[in-house]
$ cat protein_21.pdb   # PDB, C-alpha atoms
ATOM      1  CA  MET A  19      -5.234 -24.063  17.750
ATOM      2  CA  ASP A  20      -6.416 -21.181  15.602
ATOM      3  CA  THR A  21      -5.579 -17.671  16.708
ATOM      4  CA  ILE A  22      -7.242 -14.387  15.844
ATOM      5  CA  LEU A  23      -5.638 -10.961  16.082
ATOM      6  CA  GLY A  24      -7.649  -7.809  15.576
ATOM      7  CA  ASN A  25     -11.343  -7.122  15.360
ATOM      8  CA  ILE A  26     -12.476  -9.764  12.880
ATOM      9  CA  GLU A  27     -14.786 -12.746  12.975
ATOM     10  CA  ALA A  28     -13.382 -16.008  14.295
ATOM     11  CA  THR A  29     -14.486 -17.998  11.275
ATOM     12  CA  PRO A  30     -14.873 -16.985   7.664
ATOM     13  CA  GLN A  31     -18.351 -15.809   6.814
ATOM     14  CA  ALA A  32     -20.288 -18.525   5.013
ATOM     15  CA  ALA A  33     -23.215 -16.353   4.045
ATOM     16  CA  GLY A  34     -23.135 -13.790   1.296
ATOM     17  CA  SER A  35     -21.512 -13.833  -2.097
ATOM     18  CA  ALA A  36     -17.795 -14.283  -2.375
ATOM     19  CA  LEU A  37     -15.333 -14.361  -5.213
ATOM     20  CA  VAL A  38     -12.308 -16.563  -4.539
ATOM     21  CA  LEU A  39      -9.123 -16.949  -6.555
ATOM     22  CA  GLN A  40      -6.630 -19.575  -5.474
ATOM     23  CA  PHE A  41      -3.157 -19.718  -6.955
ATOM     24  CA  ASP A  42      -1.284 -23.022  -6.888
ATOM     25  CA  LEU A  43       2.109 -21.366  -7.048
ATOM     26  CA  ALA A  44       3.979 -24.370  -8.494
ATOM     27  CA  ARG A  45       1.829 -24.097 -11.596
ATOM     28  CA  MET A  46       0.569 -20.528 -11.380
ATOM     29  CA  PRO A  47       3.232 -18.285  -9.808
ATOM     30  CA  ILE A  48       2.363 -14.682  -9.030
ATOM     31  CA  ARG A  49       4.938 -12.353 -10.524
ATOM     32  CA  TRP A  50       5.104  -8.953  -8.852
ATOM     33  CA  ALA A  51       3.305  -7.178 -11.681
ATOM     34  CA  LEU A  52       0.365  -9.563 -11.256
ATOM     35  CA  CYS A  53      -0.392  -8.231  -7.757
ATOM     36  CA  ALA A  54      -1.807  -5.074  -9.310
ATOM     37  CA  VAL A  55      -3.603  -7.071 -12.006
ATOM     38  CA  ILE A  56      -5.376  -9.152  -9.333
ATOM     39  CA  ALA A  57      -6.290  -6.056  -7.322
ATOM     40  CA  ASP A  58      -7.599  -4.210 -10.368
ATOM     41  CA  PHE A  59      -9.502  -7.285 -11.559
ATOM     42  CA  TYR A  60     -11.513  -7.348  -8.349
ATOM     43  CA  SER A  61     -12.339  -3.660  -8.422
ATOM     44  CA  GLU A  62     -13.386  -3.850 -12.075
ATOM     45  CA  TYR A  63     -15.355  -7.043 -11.447
ATOM     46  CA  LEU A  64     -17.271  -5.503  -8.554
ATOM     47  CA  VAL A  65     -18.306  -2.615 -10.772
ATOM     48  CA  ALA A  66     -19.215  -4.786 -13.761
ATOM     49  CA  SER A  67     -21.230  -7.213 -11.602
ATOM     50  CA  GLY A  68     -23.270  -4.380 -10.153
ATOM     51  CA  ALA A  69     -21.931  -4.786  -6.619
ATOM     52  CA  LEU A  70     -20.415  -1.326  -6.821
ATOM     53  CA  ASP A  71     -21.720   1.858  -8.329
ATOM     54  CA  ARG A  72     -20.067   2.424 -11.685
ATOM     55  CA  LEU A  73     -19.561   6.053 -10.761
ATOM     56  CA  ALA A  74     -17.846   5.232  -7.504
ATOM     57  CA  VAL A  75     -14.338   6.003  -8.707
ATOM     58  CA  GLU A  76     -13.065   6.533  -5.182
ATOM     59  CA  GLN A  77     -14.328   3.133  -4.036
ATOM     60  CA  ARG A  78     -12.680   1.406  -6.980
ATOM     61  CA  HIS A  79      -9.400   3.095  -6.211
ATOM     62  CA  SER A  80      -9.691   2.174  -2.542
ATOM     63  CA  ILE A  81     -10.335  -1.496  -3.295
ATOM     64  CA  GLY A  82      -7.430  -1.504  -5.733
ATOM     65  CA  TYR A  83      -5.060   0.044  -3.210
ATOM     66  CA  VAL A  84      -6.096  -2.141  -0.269
ATOM     67  CA  LEU A  85      -6.107  -5.407  -2.190
ATOM     68  CA  ASN A  86      -2.830  -4.601  -3.923
ATOM     69  CA  GLU A  87      -1.178  -4.111  -0.525
ATOM     70  CA  LEU A  88      -2.567  -7.402   0.785
ATOM     71  CA  VAL A  89      -1.510  -9.399  -2.283
ATOM     72  CA  GLU A  90       1.939  -7.760  -2.403
ATOM     73  CA  ASN A  91       2.509  -8.715   1.233
ATOM     74  CA  ALA A  92       1.318 -12.274   0.643
ATOM     75  CA  VAL A  93       3.653 -12.656  -2.332
ATOM     76  CA  LYS A  94       6.565 -11.065  -0.461
ATOM     77  CA  PHE A  95       6.290 -13.165   2.686
ATOM     78  CA  ASN A  96       4.658 -16.390   1.515
ATOM     79  CA  ALA A  97       6.355 -19.650   2.521
ATOM     80  CA  GLY A  98       3.642 -22.042   1.354
ATOM     81  CA  PRO A  99       2.451 -23.648  -1.869
ATOM     82  CA  ARG A 100      -0.570 -21.439  -2.489
ATOM     83  CA  ILE A 101      -2.059 -17.976  -2.112
ATOM     84  CA  ALA A 102      -5.796 -17.345  -1.993
ATOM     85  CA  VAL A 103      -7.708 -14.105  -2.475
ATOM     86  CA  GLU A 104     -11.325 -13.707  -1.408
ATOM     87  CA  VAL A 105     -13.630 -10.730  -1.610
ATOM     88  CA  SER A 106     -17.095 -10.894  -0.093
ATOM     89  CA  ARG A 107     -19.838  -8.296  -0.049
ATOM     90  CA  ARG A 108     -21.508  -7.262   3.202
ATOM     91  CA  PRO A 109     -24.205  -4.678   3.793
ATOM     92  CA  GLU A 110     -21.669  -2.301   5.315
ATOM     93  CA  GLY A 111     -18.928  -2.850   2.782
ATOM     94  CA  LEU A 112     -16.424  -5.433   1.643
ATOM     95  CA  VAL A 113     -14.315  -8.031   3.370
ATOM     96  CA  LEU A 114     -11.035  -8.633   1.559
ATOM     97  CA  THR A 115      -9.099 -11.720   2.659
ATOM     98  CA  VAL A 116      -5.716 -12.850   1.388
ATOM     99  CA  SER A 117      -4.178 -16.091   2.672
ATOM    100  CA  ASN A 118      -0.652 -17.405   2.403
ATOM    101  CA  GLY A 119       1.625 -19.925   4.077
ATOM    102  CA  LEU A 120       3.758 -19.101   7.092
ATOM    103  CA  LYS A 121       6.329 -21.288   8.849
ATOM    104  CA  LEU A 122       5.137 -22.260  12.307
ATOM    105  CA  ALA A 123       8.520 -21.172  13.681
ATOM    106  CA  GLU A 124       7.809 -17.636  12.429
ATOM    107  CA  MET A 125       4.345 -17.366  13.911
ATOM    108  CA  ASP A 126       5.182 -15.785  17.272
ATOM    109  CA  ARG A 127       7.412 -13.136  15.671
ATOM    110  CA  VAL A 128       4.730 -12.288  13.115
ATOM    111  CA  LYS A 129       2.023 -12.126  15.781
ATOM    112  CA  ALA A 130       4.102  -9.715  17.845
ATOM    113  CA  SER A 131       4.693  -7.557  14.783
ATOM    114  CA  PHE A 132       0.973  -7.429  13.918
ATOM    115  CA  SER A 133      -0.012  -6.788  17.541
ATOM    116  CA  SER A 134       2.215  -3.708  17.595
ATOM    117  CA  LEU A 135       0.405  -2.356  14.521
ATOM    118  CA  ILE A 136      -2.996  -2.414  16.220
ATOM    119  CA  ALA A 137      -1.794  -1.273  19.640
ATOM    120  CA  GLY A 138      -2.119   2.459  19.024
ATOM    121  CA  ASP A 139      -3.503   5.175  16.801
ATOM    122  CA  PRO A 140      -2.672   4.074  13.245
ATOM    123  CA  GLY A 141      -2.119   7.633  12.017
ATOM    124  CA  GLU A 142       0.456   8.322  14.728
ATOM    125  CA  LEU A 143       2.107   4.934  14.252
ATOM    126  CA  LEU A 144       2.327   5.579  10.508
ATOM    127  CA  LEU A 145       4.111   8.923  10.908
ATOM    128  CA  ARG A 146       6.454   7.469  13.521
ATOM    129  CA  LYS A 147       7.355   4.548  11.259
ATOM    130  CA  ILE A 148       7.939   6.857   8.285
ATOM    131  CA  GLU A 149      10.304   9.006  10.372
ATOM    132  CA  GLN A 150      12.172   5.858  11.462
ATOM    133  CA  ASN A 151      12.451   4.693   7.859
ATOM    134  CA  ALA A 152      13.896   8.060   6.814
ATOM    135  CA  LEU A 153      16.736   7.656   9.308
ATOM    136  CA  GLY A 154      17.998   4.627   7.450
ATOM    137  CA  GLY A 155      17.307   1.009   7.072
ATOM    138  CA  ASP A 156      16.453  -0.807   3.926
ATOM    139  CA  GLY A 157      14.193  -3.575   2.751
ATOM    140  CA  GLY A 158      10.488  -3.169   3.297
ATOM    141  CA  SER A 159       8.988   0.076   4.503
ATOM    142  CA  GLY A 160       6.680  -1.710   6.954
ATOM    143  CA  ILE A 161       3.951   0.902   6.487
ATOM    144  CA  GLY A 162       1.519  -0.965   4.229
ATOM    145  CA  TYR A 163      -0.939  -2.146   6.884
ATOM    146  CA  LEU A 164      -0.687   1.180   8.710
ATOM    147  CA  THR A 165      -1.710   3.070   5.568
ATOM    148  CA  LEU A 166      -4.761   0.808   5.209
ATOM    149  CA  MET A 167      -5.939   1.622   8.721
ATOM    150  CA  SER A 168      -4.868   5.260   8.801
ATOM    151  CA  ASP A 169      -5.756   6.467   5.309
ATOM    152  CA  TYR A 170      -8.556   4.063   4.283
ATOM    153  CA  GLY A 171     -10.279   3.400   7.604
ATOM    154  CA  VAL A 172      -9.785  -0.340   7.169
ATOM    155  CA  VAL A 173     -10.444  -2.636  10.134
ATOM    156  CA  LEU A 174      -7.648  -5.154   9.973
ATOM    157  CA  GLY A 175      -7.215  -8.584  11.497
ATOM    158  CA  TRP A 176      -5.325 -11.817  11.059
ATOM    159  CA  ARG A 177      -6.281 -15.470  11.383
ATOM    160  CA  PHE A 178      -3.610 -18.120  12.018
ATOM    161  CA  GLU A 179      -4.668 -21.709  11.309
ATOM    162  CA  ARG A 180      -2.584 -24.855  11.651
ATOM    163  CA  ASP A 181      -1.973 -26.518   8.314
ATOM    164  CA  ALA A 182      -3.667 -29.942   8.266
ATOM    165  CA  GLU A 183      -1.147 -31.287   5.744
ATOM    166  CA  ASP A 184       2.091 -29.910   7.161
ATOM    167  CA  PRO A 185       2.576 -29.559  10.944
ATOM    168  CA  GLY A 186       5.414 -27.113  10.375
ATOM    169  CA  MET A 187       3.199 -24.649   8.545
ATOM    170  CA  VAL A 188       0.408 -22.215   9.335
ATOM    171  CA  THR A 189      -2.117 -20.610   7.018
ATOM    172  CA  LEU A 190      -2.123 -16.874   7.651
ATOM    173  CA  SER A 191      -5.212 -14.978   6.498
ATOM    174  CA  THR A 192      -5.117 -11.200   6.503
ATOM    175  CA  VAL A 193      -8.637  -9.792   6.673
ATOM    176  CA  ALA A 194      -9.394  -6.193   5.718
ATOM    177  CA  GLN A 195     -12.898  -4.815   6.306
ATOM    178  CA  LEU A 196     -13.505  -1.807   4.092
ATOM    179  CA  SER A 197     -16.590   0.335   4.600
ATOM    180  CA  LEU A 198     -18.209   1.650   1.442
TER     181      LEU A 198
ATOM    182  CA  MET B  25      16.431  14.468 -16.443
ATOM    183  CA  GLU B  26      14.030  11.689 -17.326
ATOM    184  CA  LEU B  27      13.385   8.161 -16.055
ATOM    185  CA  LYS B  28      11.004   6.195 -18.215
ATOM    186  CA  THR B  29       9.694   2.632 -17.913
ATOM    187  CA  ALA B  30       6.574   0.870 -19.142
ATOM    188  CA  ASP B  31       4.889   1.752 -15.824
ATOM    189  CA  TYR B  32       6.025   5.248 -14.965
ATOM    190  CA  THR B  33       7.814   8.388 -16.094
ATOM    191  CA  VAL B  34       9.736  10.820 -13.911
ATOM    192  CA  TRP B  35      10.900  14.008 -15.577
ATOM    193  CA  LEU B  36      12.102  17.469 -14.658
ATOM    194  CA  ASP B  37      11.079  20.673 -16.339
ATOM    195  CA  ALA B  38      14.253  22.587 -15.554
ATOM    196  CA  ALA B  39      12.794  25.947 -16.609
ATOM    197  CA  SER B  40       9.979  25.861 -14.044
ATOM    198  CA  ASN B  41      11.700  23.490 -11.576
ATOM    199  CA  PHE B  42       8.653  21.221 -11.656
ATOM    200  CA  MET B  43       9.345  17.506 -11.154
ATOM    201  CA  PHE B  44       6.628  15.348 -12.724
ATOM    202  CA  LEU B  45       5.882  11.834 -11.445
ATOM    203  CA  GLU B  46       3.464  10.042 -13.772
ATOM    204  CA  GLY B  47       1.929   6.606 -14.275
ATOM    205  CA  ALA B  48       1.872   3.794 -11.728
ATOM    206  CA  PHE B  49       4.297   3.344  -8.850
ATOM    207  CA  ARG B  50       3.636  -0.220  -7.727
ATOM    208  CA  LEU B  51       7.231  -1.364  -7.541
ATOM    209  CA  ALA B  52       8.611  -4.197  -5.421
ATOM    210  CA  GLY B  53       9.945  -2.661  -2.243
ATOM    211  CA  THR B  54      12.216   0.184  -1.264
ATOM    212  CA  GLU B  55      15.156  -0.939  -3.411
ATOM    213  CA  SER B  56      13.071  -0.803  -6.596
ATOM    214  CA  TYR B  57      12.345   2.843  -5.866
ATOM    215  CA  ALA B  58      16.055   3.677  -5.479
ATOM    216  CA  PRO B  59      16.516   5.232  -8.965
ATOM    217  CA  ILE B  60      13.539   7.536  -8.401
ATOM    218  CA  ALA B  61      14.617   8.428  -4.866
ATOM    219  CA  LEU B  62      18.103   9.208  -6.182
ATOM    220  CA  ALA B  63      16.707  11.479  -8.902
ATOM    221  CA  LEU B  64      14.634  13.362  -6.324
ATOM    222  CA  ASP B  65      17.562  13.771  -3.946
ATOM    223  CA  GLU B  66      19.823  15.018  -6.760
ATOM    224  CA  TRP B  67      17.160  17.542  -7.700
ATOM    225  CA  LEU B  68      16.989  18.676  -4.087
ATOM    226  CA  SER B  69      20.771  19.079  -3.858
ATOM    227  CA  ALA B  70      21.376  20.599  -7.278
ATOM    228  CA  ASN B  71      19.559  23.897  -6.833
ATOM    229  CA  SER B  72      18.186  26.258  -4.242
ATOM    230  CA  GLU B  73      14.964  27.177  -6.022
ATOM    231  CA  PRO B  74      11.537  26.337  -4.584
ATOM    232  CA  LEU B  75      10.602  22.781  -5.522
ATOM    233  CA  VAL B  76       7.313  21.726  -7.080
ATOM    234  CA  LEU B  77       6.442  18.041  -7.149
ATOM    235  CA  ASP B  78       3.631  17.423  -9.627
ATOM    236  CA  LEU B  79       1.695  14.183  -9.020
ATOM    237  CA  LYS B  80      -1.381  15.044 -11.061
ATOM    238  CA  ARG B  81      -0.817  12.097 -13.389
ATOM    239  CA  LEU B  82       0.387   9.603 -10.809
ATOM    240  CA  ASP B  83      -2.575   7.250 -10.970
ATOM    241  CA  TYR B  84      -1.382   4.511  -8.630
ATOM    242  CA  LEU B  85       1.186   3.898  -5.980
ATOM    243  CA  ASN B  86       1.765   1.355  -3.266
ATOM    244  CA  SER B  87       2.952   1.843   0.293
ATOM    245  CA  SER B  88       6.625   1.622  -0.696
ATOM    246  CA  GLY B  89       5.921   4.539  -3.032
ATOM    247  CA  ILE B  90       4.308   6.490  -0.211
ATOM    248  CA  ASN B  91       7.383   5.762   1.881
ATOM    249  CA  MET B  92       9.620   7.161  -0.865
ATOM    250  CA  LEU B  93       7.590  10.377  -1.189
ATOM    251  CA  ALA B  94       7.565  10.727   2.595
ATOM    252  CA  LYS B  95      11.315  10.268   2.803
ATOM    253  CA  PHE B  96      11.865  12.942   0.156
ATOM    254  CA  THR B  97       9.574  15.267   2.105
ATOM    255  CA  ILE B  98      11.608  14.675   5.271
ATOM    256  CA  ASN B  99      14.875  15.233   3.385
ATOM    257  CA  THR B 100      13.508  18.552   2.094
ATOM    258  CA  ARG B 101      12.358  19.566   5.578
ATOM    259  CA  ASN B 102      15.786  18.703   6.950
ATOM    260  CA  LYS B 103      17.524  20.878   4.329
ATOM    261  CA  GLY B 104      16.813  23.990   6.329
ATOM    262  CA  GLY B 105      13.148  24.078   5.444
ATOM    263  CA  ARG B 106      13.407  24.276   1.664
ATOM    264  CA  ALA B 107      10.196  25.444  -0.007
ATOM    265  CA  LEU B 108       8.255  22.473  -1.400
ATOM    266  CA  THR B 109       4.899  22.422  -3.136
ATOM    267  CA  VAL B 110       3.108  19.149  -3.885
ATOM    268  CA  ARG B 111       0.418  19.306  -6.551
ATOM    269  CA  GLY B 112      -2.189  16.541  -6.583
ATOM    270  CA  ASN B 113      -5.325  15.575  -8.448
ATOM    271  CA  LYS B 114      -8.620  15.307  -6.585
ATOM    272  CA  GLU B 115      -9.866  12.766  -9.129
ATOM    273  CA  ILE B 116      -7.258  10.245  -7.963
ATOM    274  CA  ALA B 117      -8.449   8.727  -4.705
ATOM    275  CA  TRP B 118      -5.135   7.767  -3.116
ATOM    276  CA  GLN B 119      -3.935  11.342  -3.337
ATOM    277  CA  GLY B 120      -6.799  12.718  -1.279
ATOM    278  CA  LYS B 121      -6.287   9.995   1.306
ATOM    279  CA  SER B 122      -2.513   9.811   1.664
ATOM    280  CA  LEU B 123      -0.894  13.074   0.567
ATOM    281  CA  VAL B 124      -2.053  14.807   3.726
ATOM    282  CA  ASN B 125       0.554  12.705   5.540
ATOM    283  CA  LEU B 126       3.280  14.691   3.761
ATOM    284  CA  LYS B 127       1.837  17.893   5.200
ATOM    285  CA  LYS B 128       1.887  16.344   8.671
ATOM    286  CA  LEU B 129       5.543  15.438   8.233
ATOM    287  CA  TYR B 130       6.447  18.918   6.964
ATOM    288  CA  PRO B 131       3.812  21.526   7.937
ATOM    289  CA  ALA B 132       5.458  24.233   5.799
ATOM    290  CA  LEU B 133       4.856  22.108   2.680
ATOM    291  CA  GLU B 134       2.238  23.584   0.380
ATOM    292  CA  LEU B 135      -0.244  20.889  -0.649
ATOM    293  CA  ILE B 136      -2.553  21.719  -3.541
ATOM    294  CA  ILE B 137      -5.071  19.059  -4.586
ATOM    295  CA  ASP B 138      -7.381  20.288  -7.327
TER     296      ASP B 138
END

$ encode --input "protein_21.pdb" --output "structure tokens"
Amino acid sequence: MDTILGNIEATPQAAGSALVLQFDLARMPIRWALCAVIADFYSEYLVASGALDRLAVEQRHSIGYVLNELVENAVKFNAGPRIAVEVSRRPEGLVLTVSNGLKLAEMDRVKASFSSLIAGDPGELLLRKIEQNALGGDGGSGIGYLTLMSDYGVVLGWRFERDAEDPGMVTLSTVAQLSL
Amino acid sequence: MELKTADYTVWLDAASNFMFLEGAFRLAGTESYAPIALALDEWLSANSEPLVLDLKRLDYLNSSGINMLAKFTINTRNKGGRALTVRGNKEIAWQGKSLVNLKKLYPALELIID
């Protein structure tokens, strides 16, 4: 059964234009440096296609930051054979969706982690997490999604869908709604 | 002191005690930022002068980069309230959005975005 966390639509929007890139990782791996290339491609494309005002430097930067965070996370945590990136235009802004594979056994832990991110004021949660990080610990900072909500006003949500081909896998889509 | 890669440059102007962070910080996780974090901490420990962190040419950074800057800010705060100025560029969107978090972590920090 599919599960939704956060304030996003239950099914992907069919209407409206969308630009989708899908990476078959066996043949087209995403090296770390390519995360930024993908993010910057979308922001440049949206300007060149007329979807964004050429002068809107701040919007381009925002799209680049938000998408870079989503793609970096997908690359970092992916357990599946492919990663997909989709950007669609809405009257109120953009919907940025990045999908990757997740082991079914990891789903409950990941859901709990995401639920904690949207359970309070993102600005306060961000500062609290940064203070925790400064006390020690290594690995990931765990602040990426919090910065999207706190600093960019992004409405964030996640869709978990059972993989039709592999019962041990789930497709995790992270959906970021960015007002422009 | 200078760290230079294809993506970024970190260098200290010892005469003015300005530390310049330039380019793009989109590195892979906290461990990739370790050389930069170490350089900042050594700068903090090596002198007692007011510190100026100049980010005016830091075009991009990811959340791990924000975490590194935040940790340095906390380290400075915890060193008895050392004077720290952060200089930003209002033309670079992430700076206007995220640098204010440093001020929240260390209210005595002087944040200049112009």

$ closest_residue --input "protein_21.pdb" --among "A:Ala152, A:Leu85, A:Leu135, A:Leu39" --to "Thr54 in chain B" --atoms "only C-alpha atoms"
A:Ala152

$ closest_residue --input "protein_21.pdb" --among "A:Leu112, A:Val84, A:Leu23, A:Ala97" --to "Asp169 in chain A" --atoms "only C-alpha atoms"
A:Val84

$ interface_residues --input "protein_21.pdb" --of "chain B" --to "chain A" --cutoff "9 Å" --atoms "all atoms listed in the file" --output "list of chain:residue names"
B:Arg50, B:Leu51, B:Ala52, B:Gly53, B:Thr54, B:Glu55, B:Tyr84, B:Leu85, B:Asn86, B:Ser87, B:Ser88, B:Ile90, B:Asn91, B:Met92, B:Ala94, B:Lys95, B:Phe96, B:Ile98, B:Asn99, B:Glu115, B:Ile116, B:Ala117, B:Trp118, B:Lys121, B:Ser122, B:Asn125, B:Lys128, B:Leu129

$ atom_distance --input "protein_21.pdb" --atom1 "CA of Thr109 in chain B" --atom2 "CA of Asp78 in chain B"
8.3 Å

$ atom_distance --input "protein_21.pdb" --atom1 "CA of Asp83 in chain B" --atom2 "CA of Leu64 in chain B"
18.8 Å

$ resolve_selection --input "protein_21.pdb" --expression "the PyMOL selection byres ((chain A and resi 96) around 9)" --output "list in words"
Asn91, Ala92, Val93, Lys94, Phe95, Ala97, Gly98, Pro99, Arg100, Ile101, Ser117, Asn118, Gly119, Leu120 and Lys121 of chain A

$ atom_distance --input "protein_21.pdb" --atom1 "CA of Gly120 in chain B" --atom2 "CA of Gly24 in chain A"
26.6 Å

$ residues_around --input "protein_21.pdb" --residues "Val128 in chain A" --least-positions-apart "4" --cutoff "12 Å" --atoms "all atoms listed in the file" --output "list in words"
Leu23, Phe95, Leu120, Lys121, Leu122, Ala123, Glu124, Phe132, Ser133, Ser134, Leu135, Trp176, Arg177, Phe178, Val188, Leu190 and Thr192 of chain A

$ write_last_selection --input "protein_21.pdb" --atoms "C-alpha atoms" --output "compact mmCIF listing (two decimals), keeping the file's coordinate frame"
# COMPACT_ATOMS: atom_id res chain seq x y z
CA LEU A 23 -5.64 -10.96 16.08
CA PHE A 95 6.29 -13.16 2.69
CA LEU A 120 3.76 -19.10 7.09
CA LYS A 121 6.33 -21.29 8.85
CA LEU A 122 5.14 -22.26 12.31
CA ALA A 123 8.52 -21.17 13.68
CA GLU A 124 7.81 -17.64 12.43
CA PHE A 132 0.97 -7.43 13.92
CA SER A 133 -0.01 -6.79 17.54
CA SER A 134 2.22 -3.71 17.60
CA LEU A 135 0.40 -2.36 14.52
CA TRP A 176 -5.32 -11.82 11.06
CA ARG A 177 -6.28 -15.47 11.38
CA PHE A 178 -3.61 -18.12 12.02
CA VAL A 188 0.41 -22.22 9.34
CA LEU A 190 -2.12 -16.87 7.65
CA THR A 192 -5.12 -11.20 6.50

$ resolve_selection --input "protein_21.pdb" --expression "the PyMOL selection byres ((chain A and resi 197) around 10)" --output "list in words"
Gln77, Arg108, Pro109, Glu110, Gly111, Leu112, Val113, Tyr170, Gly171, Val172, Val173, Ala194, Gln195, Leu196 and Leu198 of chain A
